[in-house]
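One file, my_file16.cif, carrying mmCIF, C-alpha atoms:
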data_final
#
loop_
_atom_site.label_atom_id
_atom_site.label_comp_id
_atom_site.auth_asym_id
_atom_site.auth_seq_id
_atom_site.Cartn_x
_atom_site.Cartn_y
_atom_site.Cartn_z
CA MET H 259 67.50 59.96 -47.68
CA LEU H 260 65.60 58.36 -44.82
CA HIS H 261 68.49 59.06 -42.49
CA ALA H 262 68.13 62.80 -42.96
CA TYR H 263 64.83 62.66 -41.06
CA ALA H 264 66.09 60.14 -38.54
CA ASN H 265 68.20 62.79 -36.82
CA PRO H 266 66.44 63.61 -33.50
CA ALA H 267 67.15 67.35 -33.71
CA ARG H 268 65.76 67.56 -37.24
CA PHE H 269 62.84 65.33 -36.23
CA LEU H 270 61.96 67.65 -33.35
CA LYS H 271 62.13 70.69 -35.62
CA ILE H 272 59.42 69.16 -37.84
CA ALA H 273 57.45 67.38 -35.11
CA ARG H 274 57.02 70.43 -32.91
CA PRO H 275 54.82 72.47 -35.29
CA LEU H 276 53.30 69.33 -36.84
CA THR H 277 51.85 67.96 -33.59
CA PRO H 278 49.20 70.67 -32.91
CA MET H 279 48.35 70.79 -36.63
CA LEU H 280 47.62 67.06 -36.69
CA ILE H 281 45.68 67.11 -33.44
CA TRP H 282 43.48 70.10 -34.29
CA THR H 283 42.66 69.02 -37.86
CA GLY H 284 42.06 65.52 -36.50
CA ILE H 285 39.61 66.82 -33.90
CA ALA H 286 37.88 68.99 -36.52
CA PHE H 287 37.41 66.08 -38.95
CA ALA H 288 36.32 63.65 -36.24
CA ALA H 289 33.89 66.17 -34.74
CA PHE H 290 32.34 66.93 -38.12
CA GLY H 291 32.08 63.22 -38.94
CA ALA H 292 30.51 62.50 -35.55
CA TRP H 293 28.01 65.36 -35.92
CA ALA H 294 27.08 64.25 -39.44
CA GLY H 295 26.88 60.62 -38.38
CA LEU H 296 24.63 61.41 -35.44
CA THR H 297 22.29 63.88 -37.13
CA GLN H 298 22.58 63.86 -40.92
CA THR H 299 22.32 60.20 -41.91
CA PRO H 300 19.29 57.92 -42.04
CA PRO H 301 19.00 54.94 -39.68
CA ASP H 302 19.67 51.44 -41.04
CA TYR H 303 16.72 49.36 -42.26
CA LEU H 304 17.47 46.57 -39.77
CA GLN H 305 19.64 47.95 -36.99
CA GLY H 306 17.85 51.29 -36.72
CA GLU H 307 19.77 54.00 -34.86
CA THR H 308 22.31 51.50 -33.52
CA VAL H 309 24.11 51.68 -36.87
CA ARG H 310 25.61 55.06 -35.87
CA ILE H 311 28.15 53.37 -33.62
CA LEU H 312 29.98 52.42 -36.80
CA TYR H 313 31.37 55.95 -37.14
CA LEU H 314 33.44 55.24 -34.02
CA HIS H 315 33.77 51.47 -34.19
CA VAL H 316 35.30 51.31 -37.68
CA PRO H 317 38.01 53.98 -37.09
CA ALA H 318 38.80 52.35 -33.73
CA ALA H 319 39.20 48.93 -35.35
CA TRP H 320 41.29 50.41 -38.16
CA LEU H 321 43.58 52.23 -35.71
CA GLY H 322 43.75 49.28 -33.32
CA MET H 323 45.20 47.27 -36.19
CA GLY H 324 47.02 50.26 -37.75
CA GLY H 325 48.74 50.92 -34.43
CA TRP H 326 50.24 47.46 -34.50
CA SER H 327 51.29 47.96 -38.13
CA GLY H 328 53.11 51.07 -36.88
CA ILE H 329 54.80 49.03 -34.16
CA ALA H 330 55.79 46.42 -36.74
CA ILE H 331 57.21 48.95 -39.21
CA GLY H 332 59.11 50.80 -36.47
CA SER H 333 60.42 47.51 -35.09
CA ILE H 334 61.60 46.28 -38.49
CA ALA H 335 63.28 49.61 -39.23
CA TYR H 336 64.99 49.47 -35.86
CA LEU H 337 66.12 45.87 -36.25
CA VAL H 338 67.61 46.55 -39.68
CA TRP H 339 68.94 50.11 -39.47
CA ARG H 340 69.39 50.30 -35.69
CA HIS H 341 68.09 53.82 -35.56
CA PRO H 342 66.81 54.82 -32.10
CA LEU H 343 64.00 56.99 -33.55
CA ALA H 344 62.47 53.90 -35.21
CA SER H 345 62.37 52.11 -31.87
CA LEU H 346 60.91 55.21 -30.28
CA SER H 347 58.14 55.47 -32.89
CA ALA H 348 57.21 51.81 -32.35
CA ARG H 349 56.95 52.33 -28.59
CA ALA H 350 54.93 55.53 -29.09
CA CYS H 351 52.28 53.64 -31.10
CA ALA H 352 51.59 51.13 -28.34
CA VAL H 353 49.42 53.06 -25.87
CA PRO H 354 47.15 54.81 -28.43
CA GLY H 355 46.92 51.52 -30.36
CA ALA H 356 45.81 49.67 -27.25
CA LEU H 357 43.35 52.47 -26.48
CA PHE H 358 41.71 52.24 -29.91
CA ALA H 359 41.63 48.43 -29.76
CA ALA H 360 39.79 48.78 -26.44
CA ILE H 361 37.36 51.34 -27.94
CA CYS H 362 36.75 48.92 -30.80
CA LEU H 363 35.95 46.07 -28.39
CA VAL H 364 33.70 48.19 -26.17
CA THR H 365 31.73 49.81 -29.01
CA GLY H 366 31.40 46.43 -30.71
CA SER H 367 30.02 44.96 -27.52
CA ILE H 368 27.52 47.80 -27.11
CA TRP H 369 26.44 47.30 -30.75
CA GLY H 370 26.26 43.53 -30.32
CA ARG H 371 23.75 43.63 -27.47
CA PRO H 372 20.80 45.04 -29.48
CA THR H 373 21.87 43.58 -32.83
CA TRP H 374 22.96 40.03 -32.05
CA GLY H 375 21.33 39.78 -28.64
CA THR H 376 24.60 39.32 -26.76
CA TRP H 377 27.37 41.45 -25.27
CA TRP H 378 30.11 38.98 -26.04
CA GLN H 379 30.63 35.72 -27.90
CA TRP H 380 33.89 33.83 -28.42
CA ASP H 381 33.76 34.00 -32.20
CA GLY H 382 36.87 34.27 -34.38
CA ARG H 383 36.80 38.02 -35.00
CA LEU H 384 35.99 39.06 -31.44
CA THR H 385 38.48 36.67 -29.87
CA SER H 386 41.36 37.60 -32.20
CA MET H 387 40.74 41.32 -31.58
CA LEU H 388 40.74 40.72 -27.82
CA LEU H 389 44.03 38.84 -28.23
CA LEU H 390 45.50 41.84 -30.05
CA PHE H 391 44.50 44.03 -27.10
CA PHE H 392 46.28 41.69 -24.68
CA VAL H 393 49.33 41.57 -26.96
CA TYR H 394 49.41 45.39 -26.84
CA LEU H 395 49.45 45.26 -23.03
CA ALA H 396 52.25 42.69 -23.13
CA TYR H 397 54.24 44.87 -25.54
CA ILE H 398 53.80 47.94 -23.33
CA ALA H 399 54.99 46.03 -20.25
CA LEU H 400 57.90 44.46 -22.15
CA SER H 401 59.14 47.68 -23.75
CA ARG H 402 58.96 49.54 -20.43
CA ALA H 403 60.80 46.80 -18.60
CA ASP H 404 63.39 46.74 -21.35
CA ALA H 405 63.89 50.52 -21.23
CA GLN H 406 64.07 50.53 -17.45
CA ARG H 407 66.75 47.86 -17.38
CA GLY H 408 68.78 49.78 -19.94
CA GLY H 409 68.06 47.36 -22.78
CA ASP H 410 68.65 48.46 -26.36
CA GLY H 411 65.05 47.76 -27.44
CA ARG H 412 65.84 44.73 -29.56
CA ILE H 413 63.65 42.36 -27.55
CA PRO H 414 60.50 44.51 -27.76
CA ALA H 415 61.25 45.03 -31.47
CA LEU H 416 61.30 41.25 -32.02
CA PHE H 417 58.04 41.00 -30.08
CA GLY H 418 56.59 43.77 -32.27
CA LEU H 419 57.53 41.78 -35.35
CA ALA H 420 56.10 38.52 -33.95
CA GLY H 421 52.80 40.15 -32.95
CA THR H 422 52.11 40.90 -36.61
CA VAL H 423 50.89 37.30 -36.84
CA LEU H 424 47.54 38.51 -35.49
CA LEU H 425 46.83 41.13 -38.16
CA PRO H 426 45.99 38.75 -41.06
CA ILE H 427 44.09 36.52 -38.64
CA ILE H 428 41.86 39.42 -37.58
CA ARG H 429 41.43 40.58 -41.16
CA TYR H 430 40.57 37.17 -42.64
CA SER H 431 38.78 35.65 -39.63
CA VAL H 432 35.41 36.69 -41.04
CA VAL H 433 36.29 35.42 -44.51
CA TRP H 434 37.83 32.03 -43.75
CA TRP H 435 35.98 31.04 -40.59
CA ASN H 436 32.30 31.15 -39.96
CA THR H 437 31.80 33.80 -37.32
CA LEU H 438 29.01 35.71 -35.66
CA HIS H 439 30.63 38.95 -36.82
CA GLN H 440 29.48 39.90 -40.33
CA GLY H 441 31.84 39.82 -43.28
CA GLN H 442 33.85 42.73 -44.60
CA SER H 443 31.65 45.71 -45.52
CA LEU H 444 34.46 47.88 -46.80
CA THR H 445 37.31 47.06 -49.12
CA LEU H 446 39.44 49.51 -51.05
CA THR H 447 37.25 49.22 -54.13
CA LYS H 448 33.72 48.53 -52.95
CA SER H 449 31.37 48.99 -50.05
CA THR H 450 28.20 47.18 -49.05
CA ILE H 451 27.23 50.15 -46.89
CA ASP H 452 24.93 52.48 -48.77
CA ASN H 453 26.40 55.91 -49.54
CA ALA H 454 23.68 57.69 -47.55
CA ILE H 455 24.99 55.97 -44.41
CA LEU H 456 28.64 55.72 -45.45
CA TRP H 457 29.62 59.30 -46.23
CA PRO H 458 30.48 60.60 -42.71
CA LEU H 459 32.73 57.58 -42.10
CA PRO H 460 35.74 58.86 -44.13
CA PHE H 461 35.65 62.03 -42.01
CA THR H 462 35.89 60.16 -38.72
CA LEU H 463 38.42 57.75 -40.24
CA VAL H 464 40.71 60.58 -41.37
CA GLY H 465 40.04 62.55 -38.19
CA PHE H 466 40.93 59.78 -35.76
CA THR H 467 43.93 58.78 -37.88
CA LEU H 468 45.34 62.34 -37.76
CA LEU H 469 44.64 62.40 -34.02
CA PHE H 470 46.50 59.11 -33.67
CA ALA H 471 49.49 60.49 -35.58
CA GLY H 472 49.47 63.61 -33.39
CA ILE H 473 49.46 61.49 -30.22
CA VAL H 474 52.34 59.38 -31.54
CA LEU H 475 54.43 62.49 -32.28
CA MET H 476 53.58 63.91 -28.87
CA ARG H 477 54.69 60.70 -27.16
CA MET H 478 57.89 60.53 -29.19
CA ARG H 479 58.75 64.11 -28.21
CA ALA H 480 58.02 63.31 -24.57
CA MET H 481 60.28 60.26 -24.69
CA LEU H 482 63.09 62.25 -26.30
CA ALA H 483 62.69 64.93 -23.62
CA ALA H 484 62.70 62.32 -20.85
CA GLY H 485 65.92 60.90 -22.28
CA LYS H 486 67.48 64.37 -22.25
CA VAL H 487 66.45 64.94 -18.62
CA GLU H 488 67.99 61.64 -17.64
CA ALA H 489 71.25 62.42 -19.43
CA ARG H 490 71.48 65.82 -17.76
CA MET H 491 70.78 64.34 -14.31
CA ARG H 492 73.55 61.85 -14.88
CA ARG H 493 75.95 64.61 -15.88
CA MET H 494 75.01 66.65 -12.82
CA ALA H 495 75.48 63.67 -10.53
CA ALA H 496 78.89 63.05 -12.05
CA ALA H 497 80.01 66.66 -11.65
CA MET N 179 77.32 41.36 -47.69
CA LYS N 180 77.17 44.19 -45.18
CA ALA N 181 75.76 43.57 -41.70
CA LYS N 182 72.86 45.86 -42.52
CA HIS N 183 71.87 43.78 -45.54
CA GLN N 184 72.19 40.61 -43.55
CA ARG N 185 69.80 42.00 -40.93
CA LEU N 186 67.41 43.14 -43.66
CA ALA N 187 67.37 39.63 -45.13
CA LEU N 188 66.87 38.10 -41.67
CA VAL N 189 64.00 40.41 -40.81
CA GLY N 190 62.47 39.77 -44.24
CA LEU N 191 62.66 36.03 -43.58
CA GLY N 192 61.17 36.60 -40.12
CA LEU N 193 58.27 38.53 -41.62
CA VAL N 194 57.63 35.78 -44.19
CA ALA N 195 57.70 33.20 -41.38
CA VAL N 196 55.24 35.24 -39.30
CA MET N 197 52.84 35.62 -42.25
CA GLY N 198 53.18 31.90 -42.96
CA ALA N 199 52.34 31.13 -39.33
CA SER N 200 49.32 33.38 -39.66
CA GLY N 201 48.10 31.58 -42.77
CA LEU N 202 48.68 28.18 -41.20
CA ALA N 203 46.77 29.19 -38.07
CA LEU N 204 43.89 30.47 -40.20
CA SER N 205 43.59 27.26 -42.18
CA ALA N 206 44.38 24.85 -39.34
CA LEU N 207 41.84 26.40 -36.97
CA LYS N 208 39.17 26.49 -39.65
CA ASP N 209 37.11 23.75 -38.01
CA GLU N 210 37.96 24.52 -34.39
CA ALA N 211 37.33 28.24 -34.76
CA ALA N 212 34.01 27.70 -36.50
CA PHE N 213 31.48 29.56 -34.43
CA PHE N 214 28.57 27.36 -35.49
CA TYR N 215 27.57 24.29 -37.47
CA ALA N 216 25.81 24.94 -40.77
CA PRO N 217 22.89 22.61 -41.60
CA ALA N 218 24.97 21.01 -44.37
CA ASP N 219 27.73 20.15 -41.84
CA VAL N 220 25.38 17.88 -39.92
CA ALA N 221 23.23 16.63 -42.81
CA GLY N 222 25.48 13.75 -43.89
CA LYS N 223 26.74 12.44 -40.57
CA ALA N 224 25.02 11.86 -37.25
CA PRO N 225 24.66 15.18 -35.39
CA PRO N 226 26.48 15.55 -32.05
CA VAL N 227 23.46 14.72 -29.89
CA GLY N 228 23.35 16.12 -26.35
CA ARG N 229 26.45 18.33 -26.69
CA ALA N 230 26.11 22.11 -26.36
CA VAL N 231 26.68 23.42 -29.89
CA ARG N 232 25.58 26.28 -32.12
CA LEU N 233 23.68 26.02 -35.35
CA GLY N 234 23.78 28.88 -37.84
CA GLY N 235 22.06 29.71 -41.11
CA MET N 236 19.12 31.54 -42.59
CA VAL N 237 15.62 31.35 -41.17
CA GLU N 238 13.56 29.82 -43.95
CA ALA N 239 10.78 32.03 -45.35
CA GLY N 240 7.38 31.22 -43.86
CA SER N 241 8.81 28.74 -41.38
CA ILE N 242 8.34 30.63 -38.10
CA HIS N 243 5.37 29.28 -36.13
CA ARG N 244 4.42 30.18 -32.60
CA GLN N 245 3.22 27.18 -30.68
CA ASN N 246 0.14 27.03 -28.51
CA ASP N 247 1.91 27.69 -25.20
CA GLY N 248 2.71 31.21 -26.49
CA VAL N 249 6.44 31.19 -25.72
CA THR N 250 7.76 28.40 -27.90
CA ILE N 251 8.58 29.14 -31.52
CA ALA N 252 9.45 26.62 -34.18
CA PHE N 253 11.31 27.48 -37.37
CA THR N 254 13.64 25.97 -39.94
CA VAL N 255 17.28 26.91 -40.41
CA THR N 256 18.71 26.41 -43.87
CA ASP N 257 21.95 27.08 -45.71
CA GLY N 258 20.55 26.30 -49.13
CA LYS N 259 21.87 22.73 -49.02
CA ALA N 260 20.17 21.26 -45.97
CA ARG N 261 17.47 22.19 -43.47
CA VAL N 262 17.19 21.67 -39.73
CA PRO N 263 13.97 22.19 -37.72
CA VAL N 264 14.53 24.22 -34.53
CA THR N 265 12.39 24.91 -31.47
CA PHE N 266 13.08 27.69 -29.01
CA SER N 267 11.31 28.98 -25.88
CA GLY N 268 12.19 32.46 -24.73
CA ILE N 269 12.79 35.95 -26.00
CA ALA N 270 14.13 36.17 -29.54
CA PRO N 271 16.32 39.18 -30.48
CA ASP N 272 14.65 42.02 -32.41
CA LEU N 273 16.53 41.20 -35.58
CA PHE N 274 15.31 37.61 -35.59
CA LYS N 275 13.07 37.30 -38.64
CA GLU N 276 12.47 35.17 -41.67
CA GLN N 277 15.10 35.19 -44.40
CA SER N 278 17.73 36.65 -42.13
CA GLY N 279 20.69 35.08 -40.41
CA VAL N 280 20.42 33.37 -37.04
CA VAL N 281 22.75 31.49 -34.72
CA ALA N 282 20.98 29.14 -32.29
CA GLU N 283 22.72 27.84 -29.16
CA GLY N 284 21.49 24.50 -27.86
CA GLN N 285 21.65 20.79 -28.62
CA PHE N 286 20.66 18.39 -31.34
CA ARG N 287 18.01 15.83 -30.56
CA ALA N 288 18.36 12.23 -31.68
CA ASP N 289 15.88 12.79 -34.54
CA GLY N 290 18.11 15.50 -36.05
CA SER N 291 16.06 18.47 -34.89
CA PHE N 292 17.59 21.19 -32.74
CA ALA N 293 16.50 22.41 -29.30
CA ALA N 294 17.74 25.98 -28.85
CA ASP N 295 18.10 27.66 -25.47
CA ASN N 296 19.37 30.94 -26.89
CA LEU N 297 19.04 32.77 -30.19
CA LEU N 298 21.50 35.26 -31.67
CA ALA N 299 20.66 37.32 -34.72
CA LYS N 300 23.44 37.38 -37.29
CA HIS N 301 23.76 40.63 -39.14
CA ASP N 302 25.16 40.74 -42.66
CA GLU N 303 27.55 43.28 -44.15
CA ARG N 304 24.87 45.30 -45.96
CA TYR N 305 23.83 48.64 -44.45
CA MET N 306 21.18 50.84 -46.06
CA PRO N 307 18.48 53.35 -45.23
CA PRO N 308 14.94 51.98 -44.68
CA GLU N 309 13.46 53.57 -47.86
CA MET N 310 16.03 51.79 -49.95
CA ALA N 311 15.47 48.44 -48.28
CA GLY N 312 11.75 48.91 -49.02
CA LYS N 313 12.52 49.55 -52.69
CA MET N 314 14.77 46.53 -52.86
CA ALA N 315 12.13 44.30 -51.34
CA ALA N 316 9.60 45.65 -53.86
CA ALA N 317 12.02 44.95 -56.72
CA LYS N 318 12.49 41.43 -55.43
CA THR N 319 8.74 40.70 -55.37
CA LEU N 320 8.41 42.12 -58.90
CA GLN N 321 11.08 39.74 -60.11
CA GLN N 322 9.32 36.73 -58.68
#

Show me, as structure tokens, the structure contained in the file I just sent.
Amino acid sequence: MLHAYANPARFLKIARPLTPMLIWTGIAFAAFGAWAGLTQTPPDYLQGETVRILYLHVPAAWLGMGGWSGIAIGSIAYLVWRHPLASLSARACAVPGALFAAICLVTGSIWGRPTWGTWWQWDGRLTSMLLLFFVYLAYIALSRADAQRGGDGRIPALFGLAGTVLLPIIRYSVVWWNTLHQGQSLTLTKSTIDNAILWPLPFTLVGFTLLFAGIVLMRMRAMLAAGKVEARMRRMAAA
Amino acid sequence: MKAKHQRLALVGLGLVAVMGASGLALSALKDEAAFFYAPADVAGKAPPVGRAVRLGGMVEAGSIHRQNDGVTIAFTVTDGKARVPVTFSGIAPDLFKEQSGVVAEGQFRADGSFAADNLLAKHDERYMPPEMAGKMAAAKTLQQ
């Protein structure tokens, strides 16, 4: 059943109309969430207006980690079923994932200055997130080098699987270690953020996630097209 | 067993190994990755005098006193089990107040007190509008 969608031609047929849909709904949700978060919610009792950075910081952190989950799932699917589209989807997650990890680090730093009184501290959460960002850069370099040398993508896929080691560390760093970063505010079942402040967050979360998916589809289509160009050039050179 | 199933089993094992490594790292680094000492960590044994360390906990209610020179503040950090007196000269962050979290960077003195050269405010995971925080504080005083 999965293989039916793994056909590149069929994938393109679905991805082509889906890409603009994802991107535009994503932008609409994120823009509404950002507007509501900037104008419609009260400030926090301690942090004041600084709290509003959470509407960007939380989706960025979620997608920074979600991007690597995408790489891991694509890598596993590729290693087991050897389908090129799985490898492609893993590689397509890398750049947007790294971008959101960077946004998470930068917004966290900007929030940290007025709240904690420091731009940066080497605490468990901050350090492990920075490591994830570096691991993204390593993955991008490795997968490009592998593609350029005509590799089959198995080495980057193994790296994608190994990098998953960081995800639980980031998630549980604030629970198991004592850190400067506060504990988990949001779990699936409860939130320690009051609803008056919380409600725009799902909009930006959904918005940026749709945007992320749209970017991944766009990159996958671009990679498929680049592959086609290369194949045609080779045929022309041979003729 | 088909090759596909063999690969699936191998990758599954790999994933279990990676998660295991993650768990081991989390538990093994527990002490090394600790960002600060809690008062209870140093209460029993001799504190690491003269080494640059961090001390974290809650600022005890009513413990902040400004000293006569105008820039030095003295307060007590507690974690409910032990207390450490701290002195600090300089600019404290806005969120530094009584009954909220603080991380002090500095060194222990031989008498067990702490000389801080930098203060960081530690924020907790609760976010709420100011009116609500006011109500909660009122409810707390009523309970007492």

- Item | Hits of the PyMOL selection byres ((chain H and resi 314) around 8) in this structure, as an NGL selection string | :H and (292 or 311-313 or 315-318 or 362 or 365 or 462)

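Residue selection for this entry, given the PyMOL selection byres ((chain N and resi 304) around 10), comprises Asp302, Tyr303, Leu304, Gln440, Gly441, Gln442, Ser443, Leu444, Ser449, Thr450, Ile451 and Asp452 of chain H; His301, Asp302, Glu303, Tyr305 and Met306 of chain N.
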
- Task: Could you list, as a PyMOL selection string, the residues of chain H having an atom within 8 Å of chain N when counting all atoms listed in the file?
- Result: chain H and resi 300-305+334+337-339+372-376+380-382+419-420+422-424+426-427+430-431+434-443+450-452+454-455

- Task: May I ask for the distance between CA of Pro460 (chain H) and CA of Ala273 (chain H), given in Å to one decimal place?
- Result: 25.0 Å

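Across the model, the gap from CA of Ser345 (chain H) to CA of Ser333 (chain H) is 5.9 Å.
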